[in-house]
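Content type compact mmCIF, C-alpha atoms and all ligand atoms, from the file final.txt:
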# COMPACT_ATOMS: atom_id res chain seq x y z
CA PHE A 208 24.99 -246.69 3.01
CA ALA A 209 21.74 -248.57 2.38
CA PRO A 210 18.70 -246.29 2.29
CA LYS A 211 15.50 -248.13 3.27
CA LEU A 212 14.02 -247.87 -0.24
CA LEU A 213 12.57 -251.38 0.00
CA GLN A 214 10.91 -251.01 3.42
CA GLY A 215 7.71 -253.05 3.44
CA GLN A 216 8.51 -254.83 0.15
CA SER A 217 8.82 -258.61 -0.09
CA ILE A 218 11.43 -260.00 -2.49
CA LEU A 219 11.90 -263.56 -3.70
CA LEU A 220 15.18 -264.29 -5.43
CA THR A 221 17.21 -267.17 -6.78
CA ALA A 222 20.98 -267.54 -6.64
CA GLY A 223 23.74 -269.99 -7.51
CA PRO A 224 23.76 -272.84 -10.01
CA THR A 225 21.35 -275.72 -10.34
CA ARG A 226 22.70 -279.27 -10.47
CA GLU A 227 21.29 -282.01 -12.70
CA ALA A 228 22.10 -285.58 -11.67
CA ILE A 229 23.58 -288.02 -14.20
CA ASP A 230 23.79 -290.90 -11.72
CA PRO A 231 24.12 -291.10 -7.89
CA VAL A 232 27.66 -289.64 -8.00
CA ARG A 233 27.79 -287.31 -11.03
CA TYR A 234 26.00 -284.19 -12.22
CA ILE A 235 26.07 -281.38 -14.77
CA SER A 236 26.18 -277.79 -13.55
CA ASN A 237 27.96 -274.45 -14.14
CA HIS A 238 30.41 -272.02 -12.51
CA SER A 239 27.94 -269.84 -10.59
CA SER A 240 29.21 -269.23 -7.03
CA GLY A 241 26.03 -267.56 -5.78
CA LYS A 242 27.94 -264.37 -4.90
CA MET A 243 25.82 -262.03 -7.05
CA GLY A 244 22.49 -263.43 -5.81
CA PHE A 245 23.62 -263.52 -2.16
CA ALA A 246 24.83 -259.89 -2.47
CA LEU A 247 21.36 -258.96 -3.74
CA ALA A 248 19.71 -260.82 -0.85
CA LYS A 249 21.98 -259.18 1.74
CA MET A 250 21.49 -255.69 0.30
CA ALA A 251 17.72 -256.11 -0.15
CA ALA A 252 17.43 -257.03 3.55
CA ALA A 253 19.63 -254.03 4.49
CA MET A 254 17.32 -251.82 2.39
CA GLY A 255 14.33 -252.97 4.48
CA ALA A 256 12.85 -255.78 2.36
CA ASN A 257 11.51 -259.08 3.57
CA VAL A 258 13.75 -261.49 1.62
CA THR A 259 13.33 -265.14 0.63
CA LEU A 260 16.40 -266.59 -1.10
CA VAL A 261 16.14 -269.83 -3.07
CA ALA A 262 19.73 -271.04 -3.33
CA GLY A 263 21.30 -273.72 -5.48
CA PRO A 264 24.30 -275.62 -4.06
CA VAL A 265 26.82 -272.92 -2.98
CA HIS A 266 29.32 -272.40 -0.15
CA LEU A 267 28.08 -269.10 1.24
CA PRO A 268 26.67 -268.10 4.64
CA THR A 269 23.04 -266.96 4.81
CA PRO A 270 22.86 -263.13 4.99
CA ALA A 271 21.36 -261.76 8.25
CA GLY A 272 17.57 -261.56 8.26
CA VAL A 273 17.15 -263.57 5.04
CA THR A 274 14.98 -266.71 4.78
CA ARG A 275 16.95 -269.30 2.79
CA LEU A 276 15.64 -272.35 0.97
CA ASP A 277 18.31 -274.72 -0.36
CA VAL A 278 17.64 -276.65 -3.57
CA GLU A 279 19.64 -278.71 -6.05
CA SER A 280 17.90 -279.29 -9.37
CA THR A 281 16.02 -276.87 -11.62
CA GLN A 282 12.75 -278.66 -10.86
CA ASP A 283 13.41 -278.23 -7.09
CA MET A 284 14.16 -274.54 -7.65
CA LEU A 285 10.98 -274.09 -9.69
CA ASN A 286 8.91 -275.80 -6.96
CA ALA A 287 10.40 -273.63 -4.19
CA VAL A 288 9.86 -270.46 -6.23
CA MET A 289 6.25 -271.25 -7.15
CA GLN A 290 5.43 -272.15 -3.52
CA ASN A 291 6.53 -268.65 -2.50
CA VAL A 292 5.67 -266.47 -5.47
CA ASP A 293 2.23 -265.37 -4.22
CA ASN A 294 3.74 -263.90 -1.05
CA ASN A 295 6.19 -261.65 -2.88
CA LYS A 296 5.92 -258.36 -4.76
CA ILE A 297 9.29 -258.63 -6.52
CA PHE A 298 11.07 -261.62 -8.10
CA ILE A 299 14.73 -261.56 -9.17
CA GLY A 300 16.10 -264.58 -11.07
CA CYS A 301 19.85 -264.41 -10.55
CA ALA A 302 20.45 -268.18 -10.52
CA ALA A 303 22.36 -269.80 -13.37
CA VAL A 304 19.69 -272.37 -14.11
CA ALA A 305 20.60 -275.49 -16.09
CA ASP A 306 18.71 -275.29 -19.39
CA TYR A 307 18.77 -279.08 -19.78
CA ARG A 308 18.64 -282.10 -17.48
CA ILE A 309 19.44 -285.76 -18.04
CA GLY A 310 16.49 -287.57 -19.62
CA GLU A 311 16.88 -290.70 -17.55
CA VAL A 312 18.98 -290.46 -14.39
CA ALA A 313 20.80 -293.79 -13.81
CA GLU A 314 19.86 -295.48 -10.55
CA ASP A 315 23.35 -296.91 -10.09
CA LYS A 316 26.76 -295.45 -10.84
CA ILE A 317 27.41 -295.69 -14.58
CA LYS A 318 30.35 -298.03 -15.29
CA LYS A 319 32.88 -297.11 -17.92
CA SER A 320 33.03 -299.46 -20.90
CA ALA A 321 32.77 -298.03 -24.44
CA GLN A 322 35.25 -295.37 -25.68
CA ASN A 323 32.42 -292.92 -26.28
CA MET A 324 29.18 -292.33 -24.47
CA GLN A 325 26.27 -290.01 -25.07
CA LEU A 326 23.95 -288.38 -22.59
CA ALA A 327 20.41 -287.63 -23.76
CA LEU A 328 19.26 -284.26 -22.39
CA VAL A 329 15.77 -282.79 -22.13
CA ARG A 330 14.80 -279.11 -21.79
CA ASN A 331 14.15 -277.84 -18.27
CA PRO A 332 11.19 -275.59 -17.47
CA ASP A 333 12.00 -271.87 -17.50
CA ILE A 334 11.57 -270.57 -13.94
CA LEU A 335 11.67 -266.89 -14.90
CA ALA A 336 9.11 -267.23 -17.70
CA THR A 337 6.87 -269.29 -15.40
CA VAL A 338 6.94 -266.52 -12.76
CA ALA A 339 6.33 -263.83 -15.39
CA SER A 340 3.22 -265.60 -16.66
CA HIS A 341 1.85 -266.28 -13.15
CA LYS A 342 -1.18 -264.26 -12.03
CA PRO A 343 -0.90 -262.03 -10.10
CA ARG A 344 2.69 -261.64 -11.17
CA PRO A 345 5.40 -259.99 -9.11
CA PHE A 346 7.62 -257.26 -10.61
CA THR A 347 9.85 -259.72 -12.48
CA VAL A 348 13.57 -259.14 -13.02
CA GLY A 349 15.78 -261.54 -14.97
CA PHE A 350 19.50 -261.78 -15.52
CA ALA A 351 21.16 -262.51 -18.86
CA ALA A 352 24.61 -264.10 -18.96
CA GLU A 353 26.05 -263.56 -22.42
CA THR A 354 29.44 -263.88 -24.09
CA GLN A 355 28.55 -261.90 -27.25
CA ASP A 356 25.96 -259.34 -28.46
CA VAL A 357 25.01 -258.74 -24.82
CA GLU A 358 22.43 -256.01 -25.42
CA HIS A 359 20.77 -257.79 -28.34
CA TYR A 360 20.33 -261.11 -26.50
CA ALA A 361 19.25 -259.37 -23.27
CA LYS A 362 16.52 -257.40 -25.08
CA ASP A 363 15.36 -260.61 -26.73
CA LYS A 364 15.06 -262.30 -23.28
CA LEU A 365 13.26 -259.25 -21.83
CA ILE A 366 10.58 -259.50 -24.53
CA ARG A 367 10.41 -263.29 -24.98
CA LYS A 368 10.14 -264.03 -21.24
CA LYS A 369 7.81 -260.99 -20.69
CA LEU A 370 10.00 -259.45 -17.97
CA ASP A 371 9.75 -256.03 -16.34
CA MET A 372 13.53 -255.62 -16.30
CA ILE A 373 16.68 -257.53 -17.21
CA ALA A 374 20.23 -257.19 -15.86
CA ALA A 375 22.70 -258.36 -18.47
CA ASN A 376 26.30 -259.30 -17.78
CA ASP A 377 29.11 -260.08 -20.19
CA VAL A 378 30.50 -263.31 -18.77
CA SER A 379 33.37 -263.61 -21.27
CA ASN A 380 35.62 -261.59 -18.91
CA PRO A 381 36.93 -263.85 -16.09
CA GLU A 382 37.37 -260.78 -13.82
CA LEU A 383 33.59 -260.21 -13.83
CA GLY A 384 30.45 -262.33 -13.62
CA PHE A 385 30.78 -266.02 -12.73
CA ASN A 386 32.64 -266.63 -9.47
CA ALA A 387 34.26 -263.16 -9.45
CA GLU A 388 34.13 -260.53 -6.68
CA GLN A 389 33.06 -257.85 -9.16
CA ASN A 390 30.52 -257.55 -11.92
CA ALA A 391 29.14 -254.98 -14.37
CA LEU A 392 25.52 -254.85 -15.52
CA LYS A 393 23.54 -253.39 -18.38
CA VAL A 394 20.04 -252.98 -16.97
CA ILE A 395 17.26 -252.82 -19.58
CA TRP A 396 13.49 -252.26 -19.31
CA ALA A 397 10.74 -251.57 -21.87
CA ASP A 398 11.55 -247.90 -22.48
CA GLY A 399 14.99 -247.35 -21.04
CA GLN A 400 18.32 -248.73 -19.94
CA HIS A 401 21.16 -247.93 -17.56
CA ASP A 402 24.77 -249.12 -17.44
CA LEU A 403 26.20 -250.05 -14.03
CA PRO A 404 30.00 -250.15 -14.46
CA ALA A 405 32.28 -252.77 -12.90
CA THR A 406 32.35 -252.71 -9.10
CA ASP A 407 31.99 -255.03 -6.09
CA LYS A 408 28.88 -257.20 -6.27
CA LEU A 409 27.46 -255.72 -3.04
CA ILE A 410 27.68 -252.15 -4.40
CA LEU A 411 26.21 -253.30 -7.70
CA ALA A 412 23.40 -255.01 -5.77
CA ARG A 413 22.52 -251.67 -4.12
CA GLN A 414 22.52 -249.91 -7.50
CA LEU A 415 20.34 -252.55 -9.16
CA LEU A 416 17.92 -252.69 -6.21
CA THR A 417 17.64 -248.88 -6.27
CA LEU A 418 16.60 -249.04 -9.95
CA ILE A 419 14.08 -251.78 -9.10
CA ALA A 420 12.70 -249.78 -6.13
CA GLU A 421 12.24 -246.71 -8.37
CA HIS A 422 10.29 -248.75 -10.96
CA VAL A 423 8.12 -250.48 -8.34
CA ALA A 424 7.35 -247.08 -6.75
CA LEU A 425 6.34 -245.71 -10.18
CA LEU A 426 3.97 -248.64 -10.68
CA GLN A 427 2.43 -248.11 -7.24
CA ASP A 428 1.81 -244.43 -8.08
CA ASP A 429 -0.22 -245.41 -11.17
O1 LIG B 1 26.83 -266.63 -8.97
P1 LIG B 1 28.01 -265.77 -9.38
O2 LIG B 1 29.30 -266.56 -9.45
O3 LIG B 1 28.12 -264.52 -8.52
O4 LIG B 1 27.77 -265.26 -10.89
C1 LIG B 1 26.70 -264.40 -11.16
C2 LIG B 1 26.00 -264.78 -12.48
C3 LIG B 1 26.96 -264.57 -13.65
C4 LIG B 1 25.54 -266.25 -12.43
C5 LIG B 1 24.73 -263.84 -12.58
O5 LIG B 1 25.15 -262.50 -12.63
C6 LIG B 1 23.90 -264.19 -13.81
O6 LIG B 1 24.14 -263.76 -14.93
N1 LIG B 1 22.84 -265.02 -13.58
C7 LIG B 1 21.99 -265.55 -14.69
C8 LIG B 1 22.71 -266.71 -15.33
C9 LIG B 1 21.87 -267.34 -16.44
O7 LIG B 1 21.45 -268.46 -16.31
O8 LIG B 1 21.62 -266.57 -17.48
P2 LIG B 1 20.82 -267.02 -18.80
O9 LIG B 1 21.03 -265.90 -19.75
O10 LIG B 1 21.18 -268.42 -19.22
O11 LIG B 1 19.30 -267.05 -18.31
C10 LIG B 1 18.45 -265.91 -18.42
C11 LIG B 1 17.53 -265.82 -17.23
O12 LIG B 1 16.60 -266.91 -17.25
C12 LIG B 1 18.20 -265.84 -15.88
O13 LIG B 1 17.53 -264.91 -15.03
C13 LIG B 1 17.97 -267.28 -15.38
O14 LIG B 1 17.87 -267.32 -13.95
C14 LIG B 1 16.63 -267.60 -16.02
N2 LIG B 1 16.40 -269.02 -16.33
C15 LIG B 1 17.16 -269.66 -17.26
C16 LIG B 1 16.88 -270.97 -17.60
C17 LIG B 1 15.80 -271.63 -16.95
N3 LIG B 1 15.50 -272.90 -17.23
N4 LIG B 1 15.07 -270.98 -16.03
C18 LIG B 1 15.34 -269.69 -15.72
O15 LIG B 1 14.65 -269.10 -14.87

Would it be possible to restate this file's structure as structure tokens?
Amino acid sequence: FAPKLLQGQSILLTAGPTREAIDPVRYISNHSSGKMGFALAKMAAAMGANVTLVAGPVHLPTPAGVTRLDVESTQDMLNAVMQNVDNNKIFIGCAAVADYRIGEVAEDKIKKSAQNMQLALVRNPDILATVASHKPRPFTVGFAAETQDVEHYAKDKLIRKKLDMIAANDVSNPELGFNAEQNALKVIWADGQHDLPATDKLILARQLLTLIAEHVALLQDD
């Protein structure tokens, strides 16, 4: 079921959401369950890889043989990734990372008073782009969660973030993507692409990892 195509490879991956604190009791986040990233971690280990999984706050058991690092915020996730990036040949960014965080996190619980309130947000660092510009860089795979023009936006992210490969999912369908058992991916690289139709996330993980293994093997033959 899982050929050992990744024997001897080391893979670092991120999964789940990140959480940005507003005050000691509130945060902003998103609907990522971690299922897609955990399926990739489980399958990568089954395919023979040494796997380090940086996980945002999710309710999932650690797959057998996988080293798991739990984090909350985007900055925590970036720190954990950059501490481990030099020991890994492949990086897969499957986490749904918060693009913005609260500018000034309140020390105490914010009391309600005015009818309206505004939160000032600041841009978070981009983990994937940071990994892709690191030297020496691992084979770097991103995800793209889109609700429209999936291929167009995914290709833009592939180029802009200088990735080796991107796996795009249309997250407008509630049956697929965020917090669903199944997903479908459009996998794109510099001179090719491949559609992986809707199926269970674990099967999809094997298909995506097989594509990655083929590309990494091609690079090693160079
Ligand atoms: O967790 P599940 O419920 O199983 O759902 C799976 C999923 C839908 C979350 C997953 O398949 C997926 O699409 N993950 C990427 C979600 C996302 O944040 O996409 P994006 O298009 O906003 O970001 C593009 C890429 O940049 C992603 O690889 C993301 O990890 C990365 N990124 C984004 C922002 C940031 N500050 N740092 C990043 O590294």

message: Within 10 Å of (33.0, -261.6, -21.3) (file coordinates; all atoms listed in the file), which protein or nucleic acid residues are there? I'd like them as a ChimeraX atom specification.
response: /A:352-355,357,376-385

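Straight-line separation from atom CA of Leu260 of chain A to atom CA of Leu285 of chain A: 12.6 Å.
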
- prompt: Which is closer to ligand LIG 1 (chain B) than all the others in A:Gln322, A:Gln290, A:Asn390, A:Asn257, using all atoms listed in the file?
  reply: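 Going through A:Gln322, A:Gln290, A:Asn390, A:Asn257 one by one, the smallest distance to ligand LIG 1 (chain B) is for A:Asn390.
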
- line: Atom pair atom CA of Val232 of chain A + atom CA of Val329 of chain A, distance 19.7 Å

query: Which of these residues is nearest to ligand LIG 1 (chain B), using all atoms listed in the file: A:Arg226, A:Lys368, A:Lys342, A:Lys242?
result: A:Lys242

message: Taking all atoms listed in the file into account, name the residue in A:Leu220, A:Ala313, A:Ala253, A:Ala321 that is nearest to ligand LIG 1 (chain B).
response: A:Leu220

To test the calculation: enclose all listed atoms of segment 253-261 of chain A in a box whose edges run along x, y and z, add 4 Å on each side, then state centre and edge lengths in Å to one decimal, as AutoDock Vina command-line options.
--center_x 15.6 --center_y -260.8 --center_z 0.7 --size_x 16.1 --size_y 26.0 --size_z 15.6
